[in-house]
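Visitor: Structure provided below as C-alpha cells; questions to follow.
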Amino acid sequence: MEPVNIGIDLGGTNIQGAAARGDEILSRGKIATRAKEPATAVLDDIAKLALELAAGLPIAAVGLGLPGLLDPEKGICLIAENLGWQDVPVTEVLQEKLQAPVFIENDARVAALGELAQGKARGCKDFIYITVGTGIGSGIYIDGKLLRGSRWCAGEVGHMVMDPRGEECTCGNRGCLETLASAPAITRAARKAAAYNPESVLAFVRPEQIDAAAVFRAAIIDKIAAEIVDSAMTWLGIAIANLVNVFNPELVVIGGGVSLAGEELLQPIQIAVDNLCLRVQKNTVTITTSALGDRAGVAGALELIRQNLG
Ligand SMILES: [Zn+2]
C-alpha cells in the first residue's frame, strides 16, 4: 500500500483537507471548526479528518496551515486569536495521533505557497498574496523567497494600523485593517447601517442573517450595501497601495472568502493603487483575485510537505 500525503487548511469556520499521491488528489473533505471548543477538540477533529481522507492507506506526512502566529521549528502555535489558542504544541499532538511527520505554517503563508505552486503566481518571484476572510493575512515573496521575519511572523498585514482612533481589534490595537475590511467588519458595518436606513434591503432581513456574502449580493442593487463594500475595499486598496510602494511586487493576488465575491471588488482597490502608488510600482503591478479560491490553503499544505521532504 503506497502511502499518501495529507494537506489540511484549518480556518476559523471550516477545516478543509485532501489526500494526495504526487500531484493526484485522491479525496477531499470539509468539516466545521469547533472554534469555541478547546484546542484539543479541534486537533482531535483534524486527526480524524486526516485518517478519513487516508481511507486506510498509510500516511507519509501531513502539512497543516493554521490561522495564527507559529514557531514552525518547535511546531507550536504561539497565538491564534480567532481560535482562542495560546502555546499549543500542534506538531507533537498530531504526530502522536497520526504517527507521521507533521509540518505547520501560518494559513495565509500556506495559501500563498499554494498560489505559487498552482495558481496565478506560478513563475513569479516578487508577489504578495493577501487573504481576506475572518481575518486578513498575507504571504510576501521577495526574489522567490517567503519573507519570514526574525520570529516567522512577517506578513501580518491585517494588523497594519489604518486609523488609530478606529474600532478595537482582536489584537488589542485600534483601527487595524482587519477592523475595516475583513468579513466580520463588513458584517458589523451592514448590521449598523440596517438599523439607520429603513429603505435599504439590509433592513428587510434579520440582523443575524446579514453576513459579508449577503452584503456583497445586496450591493448589486442597494446603495447602502454598495457603499459598505466600497468603503471596505477602498481600505484594503489603501493597504495594498502601501505594500506595493514598499515591496514593489509584480503581482498582488487577493484570496480568501471575500475574494469569492468576484472581480468587481477589484475596482476600488485598483483606484486606490492608481491614486496612491508611485509611478514605477503602479505601472508594473497587476492586481487580481485567486484562481484557486478557497482551495489555495489545501494546495499549499500539500506543497509544504514537498518543500520539507524534497
Ligand atoms: Zn489588530
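As shown in the C-alpha cells, the chain order sets the letters A, B, ...; within each chain, residues go from 1, and ligands are also counted from 1 in the order they appear.
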Run DSSP on the backbone and give me the residues of segment 68-112 of chain A it puts in helix (DSSP H, G or I), as JSON, numbers by chain.
Guide: {"A": [90, 91, 92, 93, 94, 95, 96, 97, 98, 107, 108, 109, 110, 111, 112]}
Visitor: How would the residues just picked look written out with C-alpha atoms as a PDB file, in the first residue's frame?
Guide:
```pdb
ATOM      1  CA  VAL A  90       0.299  21.237  17.497  1.00  0.00           C
ATOM      2  CA  THR A  91       3.023  19.128  15.853  1.00  0.00           C
ATOM      3  CA  GLU A  92       3.657  16.974  18.936  1.00  0.00           C
ATOM      4  CA  VAL A  93      -0.075  16.232  19.460  1.00  0.00           C
ATOM      5  CA  LEU A  94      -0.770  15.397  15.800  1.00  0.00           C
ATOM      6  CA  GLN A  95       2.403  13.333  15.295  1.00  0.00           C
ATOM      7  CA  GLU A  96       1.394  11.246  18.318  1.00  0.00           C
ATOM      8  CA  LYS A  97      -2.126  10.721  16.920  1.00  0.00           C
ATOM      9  CA  LEU A  98      -1.145  10.081  13.284  1.00  0.00           C
ATOM     10  CA  ASP A 107      -2.518  29.702   6.918  1.00  0.00           C
ATOM     11  CA  ALA A 108      -2.010  32.826   4.794  1.00  0.00           C
ATOM     12  CA  ARG A 109       1.616  31.871   4.103  1.00  0.00           C
ATOM     13  CA  VAL A 110       0.437  28.335   3.195  1.00  0.00           C
ATOM     14  CA  ALA A 111      -2.208  29.706   0.802  1.00  0.00           C
ATOM     15  CA  ALA A 112       0.473  31.930  -0.780  1.00  0.00           C
TER      16      ALA A 112
END
```
Visitor: Under the rule of at most 9 Å, produce a per-residue listing of chain A near ligand 1: chain, number, name, the closest pair of atoms, and the distance in Å, as a tab-separated table, using only C-alpha atoms and all ligand atoms.
Guide:
```
residue	atom	partner	partner_atom_place_in_ligand_line	distance
A:Glu156	CA	ligand 1	1 (Zn)	8.9
A:Gly158	CA	ligand 1	1 (Zn)	6.4
A:His159	CA	ligand 1	1 (Zn)	3.9
A:Met160	CA	ligand 1	1 (Zn)	7.0
A:Val161	CA	ligand 1	1 (Zn)	7.2
A:Glu168	CA	ligand 1	1 (Zn)	7.7
A:Cys169	CA	ligand 1	1 (Zn)	4.5
A:Thr170	CA	ligand 1	1 (Zn)	5.7
A:Cys171	CA	ligand 1	1 (Zn)	4.3
A:Gly172	CA	ligand 1	1 (Zn)	6.3
A:Asn173	CA	ligand 1	1 (Zn)	5.4
A:Arg174	CA	ligand 1	1 (Zn)	6.8
A:Gly175	CA	ligand 1	1 (Zn)	7.3
A:Cys176	CA	ligand 1	1 (Zn)	4.6
A:Leu177	CA	ligand 1	1 (Zn)	7.2
A:Glu178	CA	ligand 1	1 (Zn)	6.4
A:Thr179	CA	ligand 1	1 (Zn)	7.4
```
Visitor: So that I can see what lies close to Ala195 of chain A, please list as a list of chain:residue names the residues with an atom at most 9 Å from it, counting only C-alpha atoms and leaving out residues fewer than 6 positions away in the same chain.
Guide: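 Listed by chain and then number, they are A:Leu202, A:Ala203, A:Pro207.
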Visitor: Measuring between only C-alpha atoms, which one of A:Cys77, A:Gln209, A:Asn308, A:Asp294 shows the shortest distance to Gln16 of chain A?
Guide: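 Residue with the minimum atom-to-atom distance to Gln16 of chain A: A:Asp294.
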Visitor: Let me make sure I understand: among A:Ile228, A:Leu70, A:Ile136, A:Ala100, which one has the smallest atom-to-atom distance to Trp152 of chain A if we use only C-alpha atoms?
Guide: A:Leu70
Visitor: In terms of the shortest atom-to-atom distance over only C-alpha atoms, which of A:Ile224, A:Leu236, A:Ile79, A:Leu10 is closest to Glu199 of chain A?
Guide: A:Ile224
Visitor: Using DSSP assignments from the backbone, pull out every residue in segment 243-278 of chain A that falls under strand (DSSP E or B) and give it to me as a list in words.
Guide: Leu251, Val252, Val253, Ile254 and Gly255 of chain A
Visitor: May I have the selected residues written with N, CA and C atoms, as a PDB file, in the first residue's frame?
Guide:
```
ATOM      1  N   LEU A 251       2.991  41.249  -8.817  1.00  0.00           N
ATOM      2  CA  LEU A 251       1.636  40.708  -8.735  1.00  0.00           C
ATOM      3  C   LEU A 251       1.121  40.761  -7.298  1.00  0.00           C
ATOM      4  N   VAL A 252      -0.160  41.142  -7.155  1.00  0.00           N
ATOM      5  CA  VAL A 252      -0.841  41.019  -5.866  1.00  0.00           C
ATOM      6  C   VAL A 252      -2.066  40.143  -6.105  1.00  0.00           C
ATOM      7  N   VAL A 253      -2.154  39.016  -5.387  1.00  0.00           N
ATOM      8  CA  VAL A 253      -3.287  38.104  -5.524  1.00  0.00           C
ATOM      9  C   VAL A 253      -4.140  38.202  -4.264  1.00  0.00           C
ATOM     10  N   ILE A 254      -5.444  38.432  -4.450  1.00  0.00           N
ATOM     11  CA  ILE A 254      -6.349  38.516  -3.308  1.00  0.00           C
ATOM     12  C   ILE A 254      -7.148  37.214  -3.232  1.00  0.00           C
ATOM     13  N   GLY A 255      -7.022  36.519  -2.099  1.00  0.00           N
ATOM     14  CA  GLY A 255      -7.735  35.259  -1.891  1.00  0.00           C
ATOM     15  C   GLY A 255      -8.593  35.322  -0.642  1.00  0.00           C
TER      16      GLY A 255
END
```
Visitor: Excluding segment 44-47 of chain A and its own-chain neighbours fewer than 4 positions away, which residues fall within 12 Å of it when counting only C-alpha atoms? Please give them as a ChimeraX atom specification.
Guide: /A:6-11,14-18,29-35,37-40,51-54,59,62-66,90-91,93-100,102
Visitor: Measuring between only C-alpha atoms, which one of A:Gln86, A:Gln307, A:Asn242, A:Ser259 shows the shortest distance to Val273 of chain A?
Guide: A:Asn242
Visitor: What does the structure give for the distance between atom CA of Met233 of chain A and atom CA of Glu81 of chain A, in Å to one decimal?
Guide: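 Computing the Euclidean distance for atom CA of Met233 of chain A and atom CA of Glu81 of chain A yields 23.3 Å.
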Visitor: Separation of atom CA of Ser150 of chain A and atom CA of Ala241 of chain A, in Å?
Guide: 24.6 Å
Visitor: Please indicate the distance in Å from atom CA of Arg122 of chain A to atom CA of Glu105 of chain A, rounded to one decimal place.
Guide: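 Computing it gives 19.8 Å between the two atoms.
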Visitor: With distances taken over only C-alpha atoms, which residue among A:Thr131, A:Leu309, A:Pro89, A:Val298 lies nearest Gly114 of chain A?
Guide: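 For Gly114 of chain A, the nearest of the given residues is A:Val298.
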